Amino acid sequence: MVWGIVLTANEPTALVECNVRWHLATGASAVFVFLDDPDDRAGTRLAAIPGCTVQRCDDAYWQARRPNHGRPASQMRRQVINANRAQNQCGLDWLFHIDADEFIWQDGDLQAELAAHDDPRTELNLPVLERMFPEGDQVSLFDGPFRATSDLQTNETEAAFGPFERFMKRGQYSHGAGKSGVRVGVGLRLGVHNATRTGSEGRQRRAAKRVSSAARLLHFDGLTPLHWAAKFLRYLQNPETVQSAILQPHRAAQIAWMQERCTDVQSMRNAHRTMFAATAQRQSQLEQFGLLETIAFDPACVLGADCPDLSVDAFDAELLHRNPGLKSLLADI
């Protein structure tokens, strides 16, 4: 079975390049990258990677996709359109829709699992693990243990997650739904998290789901504290109608909590540490419920000389370069 991934990206080059190279090195036959910023300087570098197809999402691209509406205001809508554009054009057996900050980690043989998948109208779901930040200094973009998705009873959630459980859904600050792959060309439509199918009445319905036993999704929700701040500021720059559509209540509550405590860059970092650091107490709480994972994710060990610079300083420097208004926005928090 030949499989690949598709992502819509507007992130520092090192992250997107690392994502592309990681998946090509661990079994993917093709990676499709849709650049949300058509002038993204990462495009030339990514296009030079064998197996990577790059699409710059400029005005002409959106005019061809949506002649009467152009570029959608919602990033989730753009992601779905792009993912299914890739599905319609690729020559793969399977396609997974992920984000640039998500990496497929194989505990077993994913290709064999895909070959044994006997119902093409059922999606394959990758359960998600969310990275926790190290309590001390962050050296690499991917430092830190992981927290598994959970469906604990209400009386257990505070014991497992402490006072921040109210900012979580299924034990995750971001999403607990994971991401999905579909058999290409069988009528399933890729969504942000799950696939849909056309029902007998002509409406889109959630496709049947099978959870992978061979692979999981490692999610780095903000590669650095500055990156997380950039994400929540970008959310707030959307029109209110878009915010209400893409921000789930737990995510909106996180952002509100951070806003209340952030008056400058240092207070932002302190608030981020309070919410996200993997303290000894937090790790102990998670271990009691079997939710702590210590996967040693180090792309450099797989990519070798092809690995981009994954240092925190280099990443944050490009983040600021790509978002020249970020410094002033942070100063005005």
# chains A, B, ... in the order shown; residues from 1 in each chain; ligands from 1
$ residues_around --residues "region 181-196 of chain A" --least-positions-apart "5" --cutoff "10 Å" --atoms "only C-alpha atoms" --output "PyMOL selection string"
chain A and resi 1+3-6+76-99+114+117+119-126+175-176+203-209+212
$ write_last_selection --atoms "C-alpha atoms" --output "CSV table (one decimal), in the first residue's frame"
chain,number,residue,atom,x,y,z
A,1,MET,CA,0.0,0.0,0.0
A,3,TRP,CA,0.5,6.2,1.4
A,4,GLY,CA,1.2,9.9,1.8
A,5,ILE,CA,0.3,13.0,3.7
A,6,VAL,CA,-1.2,16.4,2.9
A,76,MET,CA,-10.2,25.0,8.6
A,77,ARG,CA,-12.2,25.5,5.4
A,78,ARG,CA,-9.0,26.2,3.4
A,79,GLN,CA,-7.4,23.0,4.9
A,80,VAL,CA,-10.3,20.8,3.9
A,81,ILE,CA,-10.4,22.1,0.3
A,82,ASN,CA,-6.7,21.6,0.0
A,83,ALA,CA,-6.7,18.1,1.4
A,84,ASN,CA,-9.3,16.9,-1.0
A,85,ARG,CA,-7.7,18.7,-3.9
A,86,ALA,CA,-4.6,16.5,-3.1
A,87,GLN,CA,-6.8,13.4,-2.8
A,88,ASN,CA,-8.3,14.0,-6.2
A,89,GLN,CA,-5.0,14.4,-7.9
A,90,CYS,CA,-2.7,12.0,-6.1
A,91,GLY,CA,-1.8,8.5,-7.3
A,92,LEU,CA,-1.7,7.0,-3.8
A,93,ASP,CA,-3.6,4.2,-2.1
A,94,TRP,CA,-4.0,6.2,1.2
A,95,LEU,CA,-3.8,9.8,2.2
A,96,PHE,CA,-3.5,11.3,5.7
A,97,HIS,CA,-4.5,14.9,6.5
A,98,ILE,CA,-2.3,16.4,9.2
A,99,ASP,CA,-0.9,19.8,10.3
A,114,LEU,CA,-3.2,-0.3,5.6
A,117,HIS,CA,-7.7,-2.7,6.2
A,119,ASP,CA,-13.3,-1.8,4.6
A,120,PRO,CA,-12.3,1.1,2.2
A,121,ARG,CA,-15.2,3.2,3.4
A,122,THR,CA,-13.9,3.3,6.9
A,123,GLU,CA,-11.3,5.9,7.8
A,124,LEU,CA,-8.1,5.0,9.8
A,125,ASN,CA,-7.8,7.3,12.8
A,126,LEU,CA,-4.4,8.1,14.3
A,175,HIS,CA,-7.7,18.3,20.2
A,176,GLY,CA,-8.3,14.7,21.3
A,203,ARG,CA,-25.8,15.1,2.9
A,204,GLN,CA,-22.2,14.6,4.3
A,205,ARG,CA,-22.2,12.2,7.2
A,206,ARG,CA,-19.3,11.1,9.5
A,207,ALA,CA,-17.6,8.1,8.0
A,208,ALA,CA,-17.1,4.9,10.1
A,209,LYS,CA,-13.8,5.0,12.0
A,212,SER,CA,-4.9,2.5,14.3
$ select_by_dssp --residues "region 107-179 of chain A" --states "alpha helix (DSSP H)" --output "number ranges by chain"
A: 110-116, 154-161
$ residues_around --residues "region 147-161 of chain A" --least-positions-apart "4" --cutoff "9 Å" --atoms "only C-alpha atoms" --output "PyMOL selection string"
chain A and resi 127-132+165-166+168-172+175-178+282-294
$ select_by_dssp --residues "region 200-327 of chain A" --states "strand (DSSP E or B)" --output "VMD selection string"
chain A and resid 204 to 206 208 to 211 215 to 219 277 292 to 293 311
$ atom_distance --atom1 "CA of Ala100 (chain A)" --atom2 "CA of His321 (chain A)"
18.4 Å
$ residues_around --residues "Cys18 (chain A)" --least-positions-apart "5" --cutoff "9 Å" --atoms "only C-alpha atoms" --output "number ranges by chain"
A: 13, 23, 100, 299-300, 303, 306-308, 310
$ residues_around --residues "Asp313 (chain A)" --least-positions-apart "2" --cutoff "10 Å" --atoms "only C-alpha atoms" --output "list in words"
Val139, Ser140, Leu141, Thr224, Asp309, Leu310, Ser311, Phe315, Asp316, Ala317, Glu318 and Leu319 of chain A
$ atom_distance --atom1 "CA of Phe297 (chain A)" --atom2 "CA of Asp143 (chain A)"
8.0 Å
$ residues_around --residues "Phe167 (chain A)" --least-positions-apart "6" --cutoff "8 Å" --atoms "only C-alpha atoms" --output "ChimeraX atom specification"
/A:173,250-251,253-254
$ residues_around --residues "region 44-55 of chain A" --least-positions-apart "4" --cutoff "8 Å" --atoms "only C-alpha atoms" --output "number ranges by chain"
A: 17, 20-21, 24, 29-35
$ write_last_selection --atoms "all heavy atoms" --output "short mmCIF file (atom, residue, chain, number, x, y, z; two decimals), in the first residue's frame"
data_model
loop_
_atom_site.label_atom_id
_atom_site.label_comp_id
_atom_site.auth_asym_id
_atom_site.auth_seq_id
_atom_site.Cartn_x
_atom_site.Cartn_y
_atom_site.Cartn_z
N GLU A 17 9.84 21.79 6.67
CA GLU A 17 10.83 20.92 6.03
C GLU A 17 11.05 19.66 6.85
O GLU A 17 11.13 18.55 6.30
CB GLU A 17 12.15 21.66 5.84
CG GLU A 17 13.20 20.79 5.15
CD GLU A 17 14.56 21.47 5.02
OE1 GLU A 17 14.67 22.67 5.34
OE2 GLU A 17 15.51 20.79 4.58
N VAL A 20 8.09 17.30 6.31
CA VAL A 20 8.14 16.66 5.00
C VAL A 20 9.19 15.55 4.99
O VAL A 20 8.92 14.41 4.59
CB VAL A 20 8.43 17.70 3.90
CG1 VAL A 20 8.75 17.01 2.57
CG2 VAL A 20 7.26 18.66 3.74
N ARG A 21 10.39 15.89 5.42
CA ARG A 21 11.48 14.91 5.36
C ARG A 21 11.24 13.74 6.30
O ARG A 21 11.57 12.58 5.98
CB ARG A 21 12.81 15.60 5.69
CG ARG A 21 13.27 16.59 4.61
CD ARG A 21 14.70 17.05 4.89
NE ARG A 21 15.18 18.04 3.95
CZ ARG A 21 15.67 17.76 2.74
NH1 ARG A 21 15.74 16.49 2.33
NH2 ARG A 21 16.09 18.72 1.94
N LEU A 24 8.65 11.34 4.61
CA LEU A 24 9.24 10.66 3.46
C LEU A 24 10.28 9.62 3.90
O LEU A 24 10.44 8.58 3.26
CB LEU A 24 9.88 11.67 2.51
CG LEU A 24 8.90 12.57 1.74
CD1 LEU A 24 9.66 13.66 0.99
CD2 LEU A 24 8.04 11.76 0.77
N SER A 29 5.21 7.90 0.56
CA SER A 29 5.71 7.98 -0.81
C SER A 29 5.57 9.38 -1.39
O SER A 29 6.24 9.71 -2.37
CB SER A 29 4.94 6.99 -1.70
OG SER A 29 5.20 5.66 -1.31
N ALA A 30 4.71 10.19 -0.81
CA ALA A 30 4.49 11.54 -1.31
C ALA A 30 3.98 12.43 -0.18
O ALA A 30 3.27 11.98 0.71
CB ALA A 30 3.49 11.53 -2.46
N VAL A 31 4.37 13.70 -0.25
CA VAL A 31 3.87 14.72 0.67
C VAL A 31 3.39 15.90 -0.15
O VAL A 31 4.11 16.38 -1.04
CB VAL A 31 4.96 15.18 1.66
CG1 VAL A 31 4.44 16.32 2.54
CG2 VAL A 31 5.44 14.02 2.53
N PHE A 32 2.18 16.36 0.14
CA PHE A 32 1.60 17.50 -0.57
C PHE A 32 1.50 18.67 0.41
O PHE A 32 0.82 18.58 1.43
CB PHE A 32 0.21 17.14 -1.11
CG PHE A 32 0.24 16.00 -2.09
CD1 PHE A 32 0.11 14.69 -1.65
CD2 PHE A 32 0.41 16.24 -3.44
CE1 PHE A 32 0.16 13.63 -2.54
CE2 PHE A 32 0.45 15.19 -4.34
CZ PHE A 32 0.33 13.88 -3.90
N VAL A 33 2.20 19.75 0.10
CA VAL A 33 2.22 20.93 0.96
C VAL A 33 1.52 22.07 0.24
O VAL A 33 1.93 22.47 -0.86
CB VAL A 33 3.65 21.35 1.32
CG1 VAL A 33 3.62 22.61 2.19
CG2 VAL A 33 4.38 20.22 2.04
N PHE A 34 0.47 22.60 0.86
CA PHE A 34 -0.24 23.77 0.36
C PHE A 34 0.20 24.96 1.22
O PHE A 34 -0.03 24.97 2.43
CB PHE A 34 -1.75 23.57 0.45
CG PHE A 34 -2.27 22.57 -0.54
CD1 PHE A 34 -2.14 21.20 -0.29
CD2 PHE A 34 -2.88 22.97 -1.72
CE1 PHE A 34 -2.61 20.26 -1.20
CE2 PHE A 34 -3.35 22.05 -2.64
CZ PHE A 34 -3.22 20.68 -2.38
N LEU A 35 0.85 25.92 0.59
CA LEU A 35 1.36 27.08 1.32
C LEU A 35 0.28 28.14 1.41
O LEU A 35 -0.12 28.73 0.40
CB LEU A 35 2.61 27.63 0.64
CG LEU A 35 3.82 26.68 0.67
CD1 LEU A 35 4.97 27.26 -0.14
CD2 LEU A 35 4.25 26.38 2.10
#
$ atom_distance --atom1 "CA of Ala112 (chain A)" --atom2 "CA of Ser213 (chain A)"
11.0 Å
$ decode --residues "region 306-321 of chain A" --atoms "N, CA, C and O atoms" --output "compact mmCIF listing (two decimals), in the first residue's frame"
# COMPACT_ATOMS: atom_id res chain seq x y z
N ASP A 306 20.35 15.81 6.39
CA ASP A 306 19.22 16.51 5.77
C ASP A 306 18.36 17.25 6.79
O ASP A 306 17.40 17.94 6.41
N CYS A 307 18.66 17.09 8.06
CA CYS A 307 17.82 17.70 9.09
C CYS A 307 18.08 19.21 9.17
O CYS A 307 19.23 19.65 9.25
N PRO A 308 17.03 20.02 9.13
CA PRO A 308 17.22 21.46 9.28
C PRO A 308 17.58 21.83 10.71
O PRO A 308 17.56 20.98 11.61
N ASP A 309 17.91 23.07 10.92
CA ASP A 309 18.25 23.57 12.26
C ASP A 309 16.99 23.57 13.12
O ASP A 309 16.04 24.30 12.85
N LEU A 310 16.99 22.74 14.17
CA LEU A 310 15.82 22.61 15.03
C LEU A 310 16.04 23.27 16.40
O LEU A 310 15.36 22.93 17.37
N SER A 311 16.95 24.20 16.46
CA SER A 311 17.18 24.91 17.72
C SER A 311 16.05 25.90 17.98
O SER A 311 15.43 26.42 17.06
N VAL A 312 15.80 26.15 19.24
CA VAL A 312 14.74 27.07 19.64
C VAL A 312 15.04 28.48 19.14
O VAL A 312 14.16 29.18 18.63
N ASP A 313 16.29 28.91 19.29
CA ASP A 313 16.65 30.28 18.90
C ASP A 313 16.43 30.51 17.41
O ASP A 313 15.89 31.56 17.01
N ALA A 314 16.84 29.57 16.59
CA ALA A 314 16.68 29.73 15.14
C ALA A 314 15.20 29.74 14.77
O ALA A 314 14.77 30.52 13.90
N PHE A 315 14.42 28.90 15.41
CA PHE A 315 12.99 28.82 15.11
C PHE A 315 12.30 30.13 15.48
O PHE A 315 11.54 30.69 14.68
N ASP A 316 12.55 30.61 16.67
CA ASP A 316 11.91 31.85 17.11
C ASP A 316 12.35 33.04 16.27
O ASP A 316 11.56 33.96 16.00
N ALA A 317 13.60 33.03 15.84
CA ALA A 317 14.09 34.13 14.99
C ALA A 317 13.33 34.17 13.68
O ALA A 317 12.92 35.25 13.21
N GLU A 318 13.11 32.99 13.07
CA GLU A 318 12.36 33.00 11.80
C GLU A 318 10.89 33.33 12.05
O GLU A 318 10.25 34.00 11.23
N LEU A 319 10.36 32.89 13.18
CA LEU A 319 8.97 33.20 13.51
C LEU A 319 8.77 34.72 13.57
O LEU A 319 7.79 35.25 13.03
N LEU A 320 9.70 35.42 14.17
CA LEU A 320 9.61 36.87 14.26
C LEU A 320 9.82 37.52 12.89
O LEU A 320 9.17 38.52 12.56
N HIS A 321 10.70 36.93 12.09
CA HIS A 321 10.94 37.46 10.74
C HIS A 321 9.70 37.32 9.87
O HIS A 321 9.35 38.22 9.11
